[in-house]
>>> print(open('query-v4.txt').read())   # compact mmCIF, C-alpha atoms
# COMPACT_ATOMS: atom_id res chain seq x y z
CA MET Q 1 31.58 7.76 -31.98
CA THR Q 2 34.66 8.91 -30.14
CA LEU Q 3 32.61 9.06 -26.96
CA VAL Q 4 31.59 5.44 -27.39
CA LEU Q 5 35.23 4.50 -27.97
CA GLN Q 6 36.23 6.40 -24.84
CA ILE Q 7 33.63 4.44 -22.88
CA LEU Q 8 34.93 1.20 -24.33
CA LEU Q 9 38.49 2.15 -23.37
CA SER Q 10 37.60 3.32 -19.84
CA PHE Q 11 35.72 0.16 -19.00
CA SER Q 12 38.31 -2.10 -20.62
CA ILE Q 13 40.88 -0.66 -18.21
CA LEU Q 14 38.47 -1.10 -15.29
CA SER Q 15 37.87 -4.69 -16.39
CA LEU Q 16 41.55 -5.54 -16.04
CA VAL Q 17 41.87 -4.12 -12.52
CA ALA Q 18 38.59 -5.57 -11.22
CA VAL Q 19 40.10 -8.35 -9.08
CA GLY Q 20 37.24 -9.20 -6.73
CA GLY Q 21 34.48 -8.04 -9.05
CA ALA Q 22 32.25 -4.97 -9.01
CA ASN Q 23 32.62 -3.84 -5.43
CA ALA Q 24 36.40 -3.95 -5.66
CA VAL Q 25 36.41 -1.72 -8.72
CA LEU Q 26 33.71 0.74 -7.65
CA PRO Q 27 36.08 3.39 -6.21
CA GLU Q 28 38.17 3.33 -9.38
CA MET Q 29 35.01 3.46 -11.51
CA HIS Q 30 33.93 6.54 -9.58
CA ARG Q 31 37.35 8.13 -10.12
CA GLN Q 32 37.26 7.46 -13.86
CA LEU Q 33 33.67 8.46 -14.58
CA VAL Q 34 33.10 11.31 -12.14
CA GLU Q 35 36.50 12.84 -11.44
CA LEU Q 36 38.55 12.10 -14.54
CA ARG Q 37 36.01 12.17 -17.37
CA GLY Q 38 33.30 14.26 -15.74
CA TRP Q 39 30.59 12.14 -17.36
CA MET Q 40 28.27 12.40 -14.35
CA ASP Q 41 28.11 13.94 -10.88
CA ASP Q 42 28.30 12.20 -7.52
CA ALA Q 43 24.56 11.96 -6.98
CA THR Q 44 23.93 10.47 -10.42
CA PHE Q 45 26.69 7.91 -9.86
CA SER Q 46 25.04 6.79 -6.62
CA GLN Q 47 21.58 6.69 -8.15
CA LEU Q 48 22.74 4.67 -11.13
CA TYR Q 49 24.50 2.28 -8.76
CA ALA Q 50 21.24 1.82 -6.85
CA LEU Q 51 19.39 1.29 -10.12
CA ALA Q 52 21.78 -1.50 -11.12
CA GLN Q 53 21.20 -3.21 -7.77
CA ALA Q 54 17.52 -3.58 -8.60
CA ALA Q 55 18.34 -5.96 -11.45
CA PRO Q 56 19.48 -9.54 -10.91
CA GLY Q 57 22.78 -10.84 -12.21
CA PRO Q 58 26.45 -10.09 -11.57
CA ASN Q 59 26.95 -6.71 -9.88
CA ILE Q 60 29.50 -5.84 -12.54
CA LEU Q 61 26.55 -4.88 -14.77
CA VAL Q 62 26.57 -1.57 -12.92
CA ALA Q 63 28.96 -0.71 -15.77
CA SER Q 64 26.16 -1.19 -18.32
CA VAL Q 65 23.92 1.32 -16.53
CA MET Q 66 26.74 3.87 -16.38
CA GLY Q 67 27.39 3.40 -20.11
CA TRP Q 68 23.70 3.90 -20.84
CA HIS Q 69 23.66 7.16 -18.93
CA VAL Q 70 26.67 8.52 -20.82
CA ALA Q 71 25.73 7.51 -24.37
CA GLY Q 72 22.46 5.58 -24.58
CA VAL Q 73 22.34 2.12 -26.13
CA PRO Q 74 25.75 2.35 -27.87
CA GLY Q 75 27.22 3.50 -24.55
CA MET Q 76 25.63 0.57 -22.75
CA ALA Q 77 26.99 -1.87 -25.32
CA ALA Q 78 30.47 -0.32 -25.16
CA ALA Q 79 30.57 -0.33 -21.34
CA THR Q 80 29.27 -3.91 -21.10
CA LEU Q 81 31.69 -5.26 -23.70
CA GLY Q 82 34.56 -3.24 -22.26
CA MET Q 83 33.87 -4.57 -18.79
CA LEU Q 84 33.33 -8.21 -19.77
CA VAL Q 85 35.58 -9.04 -22.71
CA PRO Q 86 39.10 -8.40 -21.34
CA ALA Q 87 38.37 -10.34 -18.15
CA ALA Q 88 36.71 -13.14 -20.14
CA VAL Q 89 39.72 -13.42 -22.46
CA LEU Q 90 41.98 -13.75 -19.43
CA ALA Q 91 39.72 -16.42 -17.95
CA TRP Q 92 39.77 -18.25 -21.28
CA GLY Q 93 43.57 -18.15 -21.31
CA MET Q 94 43.72 -19.32 -17.71
CA ALA Q 95 41.43 -22.27 -18.50
CA GLY Q 96 43.74 -23.20 -21.39
CA LEU Q 97 46.79 -22.96 -19.16
CA MET Q 98 45.13 -25.20 -16.57
CA HIS Q 99 44.32 -27.72 -19.26
CA ARG Q 100 47.93 -27.79 -20.49
CA LEU Q 101 49.27 -28.19 -16.95
CA ARG Q 102 46.69 -30.80 -15.95
CA GLY Q 103 49.27 -33.57 -15.49
CA ALA Q 104 51.38 -31.55 -13.06
CA ALA Q 105 51.34 -32.93 -9.54
CA TRP Q 106 51.36 -29.49 -7.95
CA LEU Q 107 48.43 -28.09 -9.93
CA LYS Q 108 45.52 -29.54 -7.91
CA PRO Q 109 46.96 -28.61 -4.50
CA ALA Q 110 47.89 -25.13 -5.76
CA GLN Q 111 44.39 -24.62 -7.09
CA GLY Q 112 42.97 -26.01 -3.87
CA GLY Q 113 44.87 -23.31 -2.02
CA LEU Q 114 42.70 -20.67 -3.66
CA VAL Q 115 39.49 -22.31 -2.45
CA PRO Q 116 39.50 -21.01 1.15
CA VAL Q 117 40.26 -17.47 -0.08
CA ALA Q 118 37.31 -17.62 -2.46
CA ILE Q 119 34.92 -19.00 0.19
CA GLY Q 120 36.14 -16.47 2.76
CA LEU Q 121 35.37 -13.64 0.36
CA ILE Q 122 31.91 -15.08 -0.37
CA LEU Q 123 31.27 -15.18 3.38
CA ALA Q 124 32.42 -11.56 3.72
CA ALA Q 125 30.16 -10.50 0.84
CA GLY Q 126 27.17 -12.15 2.55
CA LEU Q 127 27.97 -10.50 5.88
CA THR Q 128 28.35 -7.11 4.20
CA MET Q 129 24.96 -7.57 2.52
CA ALA Q 130 23.43 -8.57 5.86
CA GLN Q 131 24.85 -5.44 7.47
CA ALA Q 132 23.40 -3.31 4.69
CA SER Q 133 19.99 -4.91 5.31
CA TYR Q 134 20.16 -4.02 8.97
CA SER Q 135 21.08 -0.43 8.11
CA HIS Q 136 17.39 0.12 7.37
CA GLY Q 137 16.82 -0.38 11.09
CA VAL Q 138 14.12 -3.00 10.62
CA TRP Q 139 14.97 -6.07 12.70
CA PRO Q 140 12.64 -8.54 10.90
CA LEU Q 141 15.01 -8.22 7.94
CA LEU Q 142 17.72 -9.74 10.15
CA VAL Q 143 15.36 -12.63 10.81
CA VAL Q 144 15.06 -13.03 7.03
CA VAL Q 145 18.87 -13.13 6.83
CA ALA Q 146 19.08 -15.75 9.58
CA VAL Q 147 16.28 -17.94 8.20
CA SER Q 148 17.74 -17.74 4.71
CA THR Q 149 21.22 -18.64 6.00
CA VAL Q 150 20.01 -21.77 7.78
CA PHE Q 151 17.67 -22.66 4.91
CA VAL Q 152 20.46 -22.63 2.35
CA TRP Q 153 23.13 -24.08 4.64
CA ARG Q 154 21.16 -27.00 6.09
CA THR Q 155 18.68 -27.90 3.33
CA ASP Q 156 18.68 -28.35 -0.44
CA TYR Q 157 15.29 -26.68 -0.93
CA ASN Q 158 14.90 -23.90 -3.46
CA PRO Q 159 15.95 -20.58 -1.86
CA LEU Q 160 13.59 -18.70 -4.17
CA TRP Q 161 10.97 -18.96 -1.42
CA VAL Q 162 13.15 -17.13 1.07
CA LEU Q 163 13.91 -14.39 -1.46
CA ALA Q 164 10.20 -14.01 -2.27
CA GLY Q 165 9.34 -13.93 1.43
CA GLY Q 166 11.99 -11.27 2.00
CA GLY Q 167 10.62 -9.20 -0.87
CA VAL Q 168 7.07 -9.32 0.50
CA LEU Q 169 8.27 -8.48 4.00
CA GLY Q 170 10.35 -5.61 2.63
CA ALA Q 171 7.34 -4.19 0.78
CA VAL Q 172 5.22 -4.41 3.94
CA LEU Q 173 7.79 -3.06 6.41
CA LEU Q 174 9.64 -0.50 4.33
CA GLY Q 175 7.07 0.47 1.73
CA MET O 176 21.52 -34.65 3.12
CA PRO O 177 22.80 -37.60 1.08
CA ASP O 178 26.54 -38.13 1.32
CA ALA O 179 27.10 -40.13 -1.87
CA PRO O 180 27.56 -37.62 -4.69
CA PRO O 181 25.26 -38.21 -7.65
CA ALA O 182 26.71 -39.03 -11.06
CA LEU O 183 27.95 -36.00 -12.96
CA VAL O 184 26.05 -34.82 -16.03
CA ARG O 185 27.70 -33.28 -19.08
CA PRO O 186 25.42 -30.42 -20.14
CA SER O 187 24.41 -30.06 -23.79
CA HIS O 188 24.86 -26.69 -25.51
CA ALA O 189 21.26 -25.75 -24.75
CA ALA O 190 21.46 -26.96 -21.15
CA LEU O 191 24.60 -24.91 -20.57
CA PHE O 192 22.88 -21.76 -21.85
CA LEU O 193 19.65 -22.43 -19.94
CA GLY O 194 21.48 -23.22 -16.70
CA TYR O 195 23.35 -19.93 -16.88
CA LEU O 196 20.19 -18.11 -17.91
CA LYS O 197 18.64 -19.24 -14.63
CA ILE O 198 21.73 -18.20 -12.64
CA GLY O 199 21.57 -14.70 -14.11
CA LEU O 200 17.81 -14.35 -13.80
CA PHE O 201 17.57 -15.45 -10.15
CA GLY O 202 20.83 -13.86 -9.01
CA PHE O 203 19.51 -10.90 -7.05
CA GLY O 204 22.25 -9.37 -4.94
CA GLY O 205 24.95 -11.29 -6.78
CA VAL O 206 25.09 -14.62 -8.47
CA ALA O 207 27.62 -16.64 -6.44
CA ALA O 208 25.00 -18.53 -4.45
CA TRP O 209 22.78 -19.36 -7.43
CA ALA O 210 25.71 -20.40 -9.59
CA ARG O 211 26.79 -23.00 -7.05
CA ARG O 212 23.21 -24.19 -6.52
CA VAL O 213 22.48 -24.68 -10.22
CA ILE O 214 25.86 -26.15 -11.20
CA VAL O 215 26.57 -28.39 -8.21
CA GLU O 216 23.26 -29.07 -6.49
CA GLU O 217 20.59 -29.02 -9.18
CA ARG O 218 22.27 -30.09 -12.41
CA HIS O 219 25.39 -31.95 -11.21
CA TRP O 220 27.73 -30.58 -13.86
CA LEU O 221 30.64 -30.45 -11.42
CA THR O 222 31.48 -31.77 -7.97
CA GLU O 223 31.60 -29.41 -5.00
CA ARG O 224 35.41 -29.46 -5.12
CA GLU O 225 35.71 -28.95 -8.89
CA TYR O 226 33.38 -25.99 -8.71
CA ALA O 227 35.20 -24.48 -5.74
CA GLU O 228 38.54 -24.80 -7.54
CA ILE O 229 37.24 -23.09 -10.67
CA LEU O 230 35.71 -20.36 -8.53
CA GLY O 231 39.04 -19.93 -6.73
CA LEU O 232 40.76 -19.37 -10.06
CA GLY O 233 38.02 -16.94 -11.06
CA GLN O 234 38.67 -15.05 -7.84
CA ILE O 235 42.33 -14.23 -8.56
CA LEU O 236 41.55 -13.05 -12.10
CA PRO O 237 40.03 -9.62 -12.69
CA GLY O 238 36.29 -9.54 -13.31
CA PRO O 239 33.42 -11.19 -11.45
CA ASN O 240 34.49 -14.62 -10.19
CA VAL O 241 31.25 -16.22 -11.36
CA GLY O 242 31.67 -14.65 -14.82
CA ASN O 243 35.21 -15.97 -15.05
CA ALA O 244 33.98 -19.37 -13.88
CA ALA O 245 31.31 -19.29 -16.62
CA VAL O 246 34.02 -18.87 -19.27
CA MET O 247 36.07 -21.71 -17.79
CA ILE O 248 33.14 -24.06 -17.26
CA GLY O 249 31.73 -23.30 -20.72
CA ARG O 250 35.11 -23.98 -22.29
CA ARG O 251 35.52 -27.21 -20.38
CA PHE O 252 32.29 -28.67 -21.77
CA HIS O 253 32.02 -27.13 -25.24
CA GLY O 254 35.10 -25.06 -26.06
CA LEU O 255 34.61 -21.56 -27.45
CA ALA O 256 30.92 -22.16 -28.15
CA GLY O 257 30.46 -23.25 -24.55
CA ALA O 258 32.26 -20.22 -23.14
CA LEU O 259 30.12 -17.92 -25.30
CA LEU O 260 26.88 -19.74 -24.43
CA ALA O 261 27.54 -19.76 -20.70
CA THR O 262 28.57 -16.10 -20.68
CA SER O 263 25.67 -14.87 -22.79
CA GLY O 264 23.26 -16.98 -20.75
CA LEU O 265 24.56 -15.40 -17.56
CA TYR O 266 24.22 -11.79 -18.73
CA CYS O 267 21.19 -12.09 -21.04
CA ALA O 268 18.28 -11.74 -18.62
CA PRO O 269 19.90 -9.13 -16.33
CA LEU O 270 20.75 -6.94 -19.34
CA ILE O 271 17.19 -7.04 -20.63
CA ILE O 272 15.89 -6.10 -17.18
CA LEU O 273 18.50 -3.33 -16.91
CA VAL O 274 17.39 -1.83 -20.23
CA GLY O 275 13.86 -1.70 -18.84
CA LEU O 276 15.07 -0.03 -15.64
CA CYS O 277 17.14 2.50 -17.61
CA LEU O 278 14.15 3.40 -19.80
CA PHE O 279 12.13 3.95 -16.65
CA TYR O 280 14.90 6.07 -15.14
CA ASP O 281 15.24 8.20 -18.28
CA ARG O 282 11.52 8.77 -18.36
CA TYR O 283 10.85 9.53 -14.70
CA GLY O 284 14.25 10.78 -13.60
CA GLN O 285 14.52 8.38 -10.70
CA ALA O 286 14.86 4.69 -10.02
CA PRO O 287 11.47 2.93 -9.84
CA ALA O 288 10.01 2.57 -6.37
CA VAL O 289 11.03 -1.05 -6.00
CA GLU O 290 13.48 -0.22 -3.24
CA PRO O 291 11.53 -1.69 -0.28
CA VAL O 292 10.99 -4.95 -2.17
CA MET O 293 14.64 -5.04 -3.27
CA ASN O 294 15.81 -4.43 0.30
CA GLY O 295 13.74 -7.36 1.49
CA ILE O 296 15.05 -9.58 -1.30
CA ALA O 297 18.57 -8.40 -0.48
CA ALA O 298 18.12 -9.62 3.11
CA GLY O 299 17.15 -13.05 1.80
CA ALA O 300 20.03 -12.96 -0.66
CA ALA O 301 22.48 -12.04 2.11
CA GLY O 302 21.48 -15.14 4.04
CA MET O 303 21.71 -17.18 0.87
CA VAL O 304 25.28 -16.04 0.30
CA ILE O 305 26.31 -16.70 3.92
CA GLY O 306 24.58 -20.10 3.83
CA THR O 307 26.39 -20.98 0.60
CA ALA O 308 29.77 -20.17 2.14
CA LEU O 309 28.94 -22.32 5.19
CA LYS O 310 27.66 -25.17 3.04
CA MET O 311 30.77 -25.20 0.84
CA THR O 312 33.00 -25.10 3.91
CA GLY O 313 31.17 -28.06 5.41
CA LYS O 314 31.18 -30.18 2.29
CA LEU O 315 34.78 -29.54 1.28
CA LYS O 316 36.22 -30.78 4.61
CA LEU O 317 38.90 -28.11 4.70
CA SER O 318 42.09 -28.52 6.70
CA VAL O 319 42.71 -26.44 9.83
CA GLU O 320 45.05 -24.04 8.05
CA ALA O 321 42.60 -23.66 5.15
CA LEU O 322 39.86 -22.77 7.64
CA ALA O 323 42.18 -20.18 9.16
CA VAL O 324 42.80 -18.65 5.74
CA LEU O 325 39.06 -18.63 5.06
CA LEU O 326 38.32 -16.78 8.30
CA LEU O 327 41.22 -14.39 7.76
CA ALA O 328 39.95 -13.52 4.27
CA ALA O 329 36.42 -12.98 5.60
CA VAL O 330 37.60 -10.79 8.51
CA ALA O 331 39.96 -8.79 6.27
CA ALA O 332 37.16 -8.06 3.82
CA PHE O 333 34.21 -7.66 6.20
CA VAL O 334 35.71 -6.18 9.37
CA PHE O 335 38.74 -4.29 8.08
CA ARG O 336 37.30 -3.56 4.60
CA LEU O 337 40.66 -4.15 2.95
CA PRO O 338 40.58 -3.96 -0.86
CA LEU O 339 39.90 -7.42 -2.31
CA PRO O 340 42.94 -7.38 -4.65
CA LEU O 341 45.16 -6.78 -1.62
CA ILE O 342 43.56 -9.67 0.27
CA VAL O 343 44.04 -11.98 -2.70
CA VAL O 344 47.67 -10.91 -3.19
CA LEU O 345 48.44 -11.41 0.51
CA LEU O 346 46.51 -14.59 1.26
CA ALA O 347 46.60 -16.60 -1.98
CA PRO O 348 50.37 -17.32 -1.89
CA VAL O 349 50.20 -18.30 1.80
CA SER O 350 47.20 -20.52 1.20
CA ILE O 351 48.76 -22.15 -1.88
CA ALA O 352 51.95 -22.78 0.08
CA PHE O 353 49.95 -24.45 2.88
CA SER O 354 48.09 -26.55 0.35
CA LEU O 355 51.30 -27.67 -1.42
CA TRP O 356 52.86 -28.45 1.96
CA ARG O 357 49.82 -30.60 2.86
CA ALA O 358 50.28 -32.50 -0.39
CA GLY O 359 53.94 -33.05 0.49
CA LEU O 360 55.08 -31.03 -2.51
CA LEU O 361 56.82 -28.09 -0.93
CA GLY O 362 60.56 -28.30 -1.40
CA GLY O 363 62.26 -31.02 -3.39
CA ALA O 364 59.33 -31.39 -5.80
CA LYS O 365 60.39 -28.72 -8.25
CA GLY O 366 60.74 -31.13 -11.12
CA ALA O 367 57.16 -32.35 -10.78
CA ALA O 368 55.88 -29.58 -13.03
CA GLN O 369 57.58 -30.51 -16.25
>>> encode(input="query-v4.txt", output="structure tokens")
Amino acid sequence: MTLVLQILLSFSILSLVAVGGANAVLPEMHRQLVELRGWMDDATFSQLYALAQAAPGPNILVASVMGWHVAGVPGMAAATLGMLVPAAVLAWGMAGLMHRLRGAAWLKPAQGGLVPVAIGLILAAGLTMAQASYSHGVWPLLVVVAVSTVFVWRTDYNPLWVLAGGGVLGAVLLG
Amino acid sequence: MPDAPPALVRPSHAALFLGYLKIGLFGFGGVAAWARRVIVEERHWLTEREYAEILGLGQILPGPNVGNAAVMIGRRFHGLAGALLATSGLYCAPLIILVGLCLFYDRYGQAPAVEPVMNGIAAGAAGMVIGTALKMTGKLKLSVEALAVLLLAAVAAFVFRLPLPLIVVLLAPVSIAFSLWRAGLLGGAKGAAQ
């Protein structure tokens, strides 16, 4: 039980410093789980991270996999709740604050100021993912990146086709 | 692409959950691109600008920006129930899949051999994320200084690999100041808040 509570506590702290999401908090997660608590070794941390990447959804769910490894289903529940709830409560509070301030003339422009930062970071995330794809040394994957970019940018068609195509190509070229 | 934005739709409780279920289920390699597609393009819950503004707020808070946006969007439409529905919809499918993967890992001691397929999907997802950023930039008609901030943020994160919190702390105040200045609010407009 105390272990589960420790997991809950560790991930609650991580949740509150995770500005920028999972990738921003990964070094600190490593420090907490591997160096501080000694719950797993380096190799396991990397493998669990890779495992989490195979599932869809927000990358932050890497926390759930780590929790599972440390303490099974209760560990997974504790890590997931610890990671999600504090941040969600803050977001809830922020939404309430925005609602209360909605008449203020400066609110919309101030909020608008955050937009380019958010889009810039999305762009960087995409470029980082593209670079990771190329690290396999298979150039057709870069073609997939390029086709997918144009497909999503210039059309409103469902990008599921590009993802499926990429998956098939990956299985053929890398399998 | 049609320029006239379609009428906005207020999602029901079920629609909110199902929309976020789809975002979570399809969001390989991150959910930012699917969230925008479902919310803005497919279901018309929010305009491009409204969504971008909520996402911007989600970015400066800790936690995944899309997760924070789910709380805020859920609350906007259906209060606490909405926030809970959107959030649980978002994480429901990925968690079920993760449990399956963990069971496999426990049993065979290694991640299942889906890596080649996932790498291919990740390439498609990378393009999807880049395309989404380009599409939002195009549709939002950003000012010159906003474009500069956008590029600076991207370069800082991608080229120089600066920690994201640092980028947000450095760039957000500058960008907000630019935006307030554009709106003619910087200096002399202190009383506008209250």
>>> atom_distance(input="query-v4.txt", atom1="atom CA of Q:Val17", atom2="atom CA of Q:Ala79")
14.8 Å
>>> interface_residues(input="query-v4.txt", of="chain O", to="chain Q", cutoff="6 Å", atoms="all atoms listed in the file", output="short mmCIF file (atom, residue, chain, number, x, y, z; two decimals) with C-alpha atoms, in the frame of the given file")
data_model
loop_
_atom_site.label_atom_id
_atom_site.label_comp_id
_atom_site.auth_asym_id
_atom_site.auth_seq_id
_atom_site.Cartn_x
_atom_site.Cartn_y
_atom_site.Cartn_z
CA GLY O 199 21.57 -14.70 -14.11
CA LEU O 200 17.81 -14.35 -13.80
CA GLY O 202 20.83 -13.86 -9.01
CA PHE O 203 19.51 -10.90 -7.05
CA GLY O 205 24.95 -11.29 -6.78
CA VAL O 206 25.09 -14.62 -8.47
CA ALA O 227 35.20 -24.48 -5.74
CA GLU O 228 38.54 -24.80 -7.54
CA GLY O 231 39.04 -19.93 -6.73
CA LEU O 236 41.55 -13.05 -12.10
CA PRO O 237 40.03 -9.62 -12.69
CA GLY O 238 36.29 -9.54 -13.31
CA PRO O 239 33.42 -11.19 -11.45
CA ASN O 243 35.21 -15.97 -15.05
CA MET O 247 36.07 -21.71 -17.79
CA PRO O 269 19.90 -9.13 -16.33
CA ALA O 286 14.86 4.69 -10.02
CA PRO O 291 11.53 -1.69 -0.28
CA VAL O 292 10.99 -4.95 -2.17
CA GLY O 295 13.74 -7.36 1.49
CA ILE O 296 15.05 -9.58 -1.30
CA ALA O 298 18.12 -9.62 3.11
CA GLY O 299 17.15 -13.05 1.80
CA ALA O 301 22.48 -12.04 2.11
CA GLY O 302 21.48 -15.14 4.04
CA MET O 303 21.71 -17.18 0.87
CA VAL O 304 25.28 -16.04 0.30
CA ILE O 305 26.31 -16.70 3.92
CA GLY O 306 24.58 -20.10 3.83
CA ALA O 308 29.77 -20.17 2.14
CA LYS O 310 27.66 -25.17 3.04
CA ALA O 321 42.60 -23.66 5.15
CA LEU O 325 39.06 -18.63 5.06
CA LEU O 326 38.32 -16.78 8.30
CA ALA O 328 39.95 -13.52 4.27
CA ALA O 329 36.42 -12.98 5.60
CA ALA O 332 37.16 -8.06 3.82
CA PHE O 333 34.21 -7.66 6.20
CA LEU O 339 39.90 -7.42 -2.31
CA PRO O 340 42.94 -7.38 -4.65
CA ALA O 347 46.60 -16.60 -1.98
CA SER O 350 47.20 -20.52 1.20
CA ILE O 351 48.76 -22.15 -1.88
CA SER O 354 48.09 -26.55 0.35
CA LEU O 355 51.30 -27.67 -1.42
CA ALA O 367 57.16 -32.35 -10.78
CA ALA O 368 55.88 -29.58 -13.03
#
>>> closest_residue(input="query-v4.txt", among="Q:Ser10, Q:Tyr157, Q:Leu26, Q:Thr2", to="Q:Tyr49", atoms="all atoms listed in the file")
Q:Leu26
>>> atom_distance(input="query-v4.txt", atom1="atom CA of O:Gly284", atom2="atom CA of Q:Val138")
27.9 Å
>>> residues_around(input="query-v4.txt", residues="O:Val241", least_positions_apart="5", cutoff="9 Å", atoms="all atoms listed in the file", output="PDB file with C-alpha atoms, in the coordinates of the input")
ATOM      1  CA  PRO Q  58      26.450 -10.090 -11.570  1.00  0.00           C
TER       2      PRO Q  58
ATOM      3  CA  VAL O 206      25.090 -14.620  -8.470  1.00  0.00           C
ATOM      4  CA  ALA O 207      27.620 -16.640  -6.440  1.00  0.00           C
ATOM      5  CA  ALA O 210      25.710 -20.400  -9.590  1.00  0.00           C
ATOM      6  CA  LEU O 230      35.710 -20.360  -8.530  1.00  0.00           C
ATOM      7  CA  GLY O 233      38.020 -16.940 -11.060  1.00  0.00           C
ATOM      8  CA  GLN O 234      38.670 -15.050  -7.840  1.00  0.00           C
ATOM      9  CA  VAL O 246      34.020 -18.870 -19.270  1.00  0.00           C
TER      10      VAL O 246
END
>>> atom_distance(input="query-v4.txt", atom1="atom CA of O:Leu322", atom2="atom CA of O:Leu309")
11.2 Å
>>> closest_residue(input="query-v4.txt", among="O:Leu265, O:Leu346, O:Met311, O:Leu360", to="O:Arg212", atoms="all atoms listed in the file")
O:Met311
>>> residues_around(input="query-v4.txt", residues="O:Leu196", least_positions_apart="4", cutoff="10 Å", atoms="all atoms listed in the file", output="ChimeraX atom specification")
/Q:57 /O:190-192,200-202,260-269
>>> write_last_selection(input="query-v4.txt", atoms="C-alpha atoms", output="compact mmCIF listing (two decimals), in the coordinates of the input")
# COMPACT_ATOMS: atom_id res chain seq x y z
CA GLY Q 57 22.78 -10.84 -12.21
CA ALA O 190 21.46 -26.96 -21.15
CA LEU O 191 24.60 -24.91 -20.57
CA PHE O 192 22.88 -21.76 -21.85
CA LEU O 200 17.81 -14.35 -13.80
CA PHE O 201 17.57 -15.45 -10.15
CA GLY O 202 20.83 -13.86 -9.01
CA LEU O 260 26.88 -19.74 -24.43
CA ALA O 261 27.54 -19.76 -20.70
CA THR O 262 28.57 -16.10 -20.68
CA SER O 263 25.67 -14.87 -22.79
CA GLY O 264 23.26 -16.98 -20.75
CA LEU O 265 24.56 -15.40 -17.56
CA TYR O 266 24.22 -11.79 -18.73
CA CYS O 267 21.19 -12.09 -21.04
CA ALA O 268 18.28 -11.74 -18.62
CA PRO O 269 19.90 -9.13 -16.33
>>> closest_residue(input="query-v4.txt", among="O:Asn294, O:Val349, O:Leu270, O:Glu225", to="Q:Gly137", atoms="all atoms listed in the file")
O:Asn294
>>> closest_residue(input="query-v4.txt", among="Q:Leu81, Q:Ala71, Q:Leu97, Q:Met40", to="Q:Phe11", atoms="only C-alpha atoms")
Q:Leu81
>>> closest_residue(input="query-v4.txt", among="O:Gly242, O:Gly257, O:Glu320, O:Arg224", to="O:Leu193", atoms="only C-alpha atoms")
O:Gly257
>>> closest_residue(input="query-v4.txt", among="O:Ala352, O:Arg357, O:Glu290, O:Ile342", to="O:Ser318", atoms="all atoms listed in the file")
O:Arg357
>>> residues_near_point(input="query-v4.txt", point="(27.5, -29.9, -24.9)", cutoff="6 Å", atoms="all atoms listed in the file", output="ChimeraX atom specification")
/O:186-188,252-253
>>> decode(input="query-v4.txt", residues="stretch 129-151 of chain Q", atoms="C-alpha atoms", output="PDB file, in the first residue's frame")
ATOM      1  CA  MET Q 129       9.384  12.896 -34.849  1.00  0.00           C
ATOM      2  CA  ALA Q 130      10.429  13.176 -38.505  1.00  0.00           C
ATOM      3  CA  GLN Q 131      14.082  13.146 -37.487  1.00  0.00           C
ATOM      4  CA  ALA Q 132      13.491  10.046 -35.375  1.00  0.00           C
ATOM      5  CA  SER Q 133      11.898   8.349 -38.402  1.00  0.00           C
ATOM      6  CA  TYR Q 134      14.933   9.088 -40.503  1.00  0.00           C
ATOM      7  CA  SER Q 135      17.222   7.680 -37.810  1.00  0.00           C
ATOM      8  CA  HIS Q 136      16.244   4.233 -39.079  1.00  0.00           C
ATOM      9  CA  GLY Q 137      18.128   5.130 -42.247  1.00  0.00           C
ATOM     10  CA  VAL Q 138      15.265   4.220 -44.558  1.00  0.00           C
ATOM     11  CA  TRP Q 139      14.571   7.125 -46.910  1.00  0.00           C
ATOM     12  CA  PRO Q 140      11.058   6.034 -48.003  1.00  0.00           C
ATOM     13  CA  LEU Q 141       9.965   6.888 -44.466  1.00  0.00           C
ATOM     14  CA  LEU Q 142      10.939  10.499 -45.202  1.00  0.00           C
ATOM     15  CA  VAL Q 143       8.685  10.329 -48.252  1.00  0.00           C
ATOM     16  CA  VAL Q 144       5.893   9.194 -45.915  1.00  0.00           C
ATOM     17  CA  VAL Q 145       6.620  12.222 -43.714  1.00  0.00           C
ATOM     18  CA  ALA Q 146       6.533  14.574 -46.700  1.00  0.00           C
ATOM     19  CA  VAL Q 147       3.376  13.092 -48.236  1.00  0.00           C
ATOM     20  CA  SER Q 148       1.634  13.136 -44.868  1.00  0.00           C
ATOM     21  CA  THR Q 149       2.659  16.757 -44.258  1.00  0.00           C
ATOM     22  CA  VAL Q 150       1.225  17.962 -47.570  1.00  0.00           C
ATOM     23  CA  PHE Q 151      -1.832  15.726 -47.217  1.00  0.00           C
TER      24      PHE Q 151
END
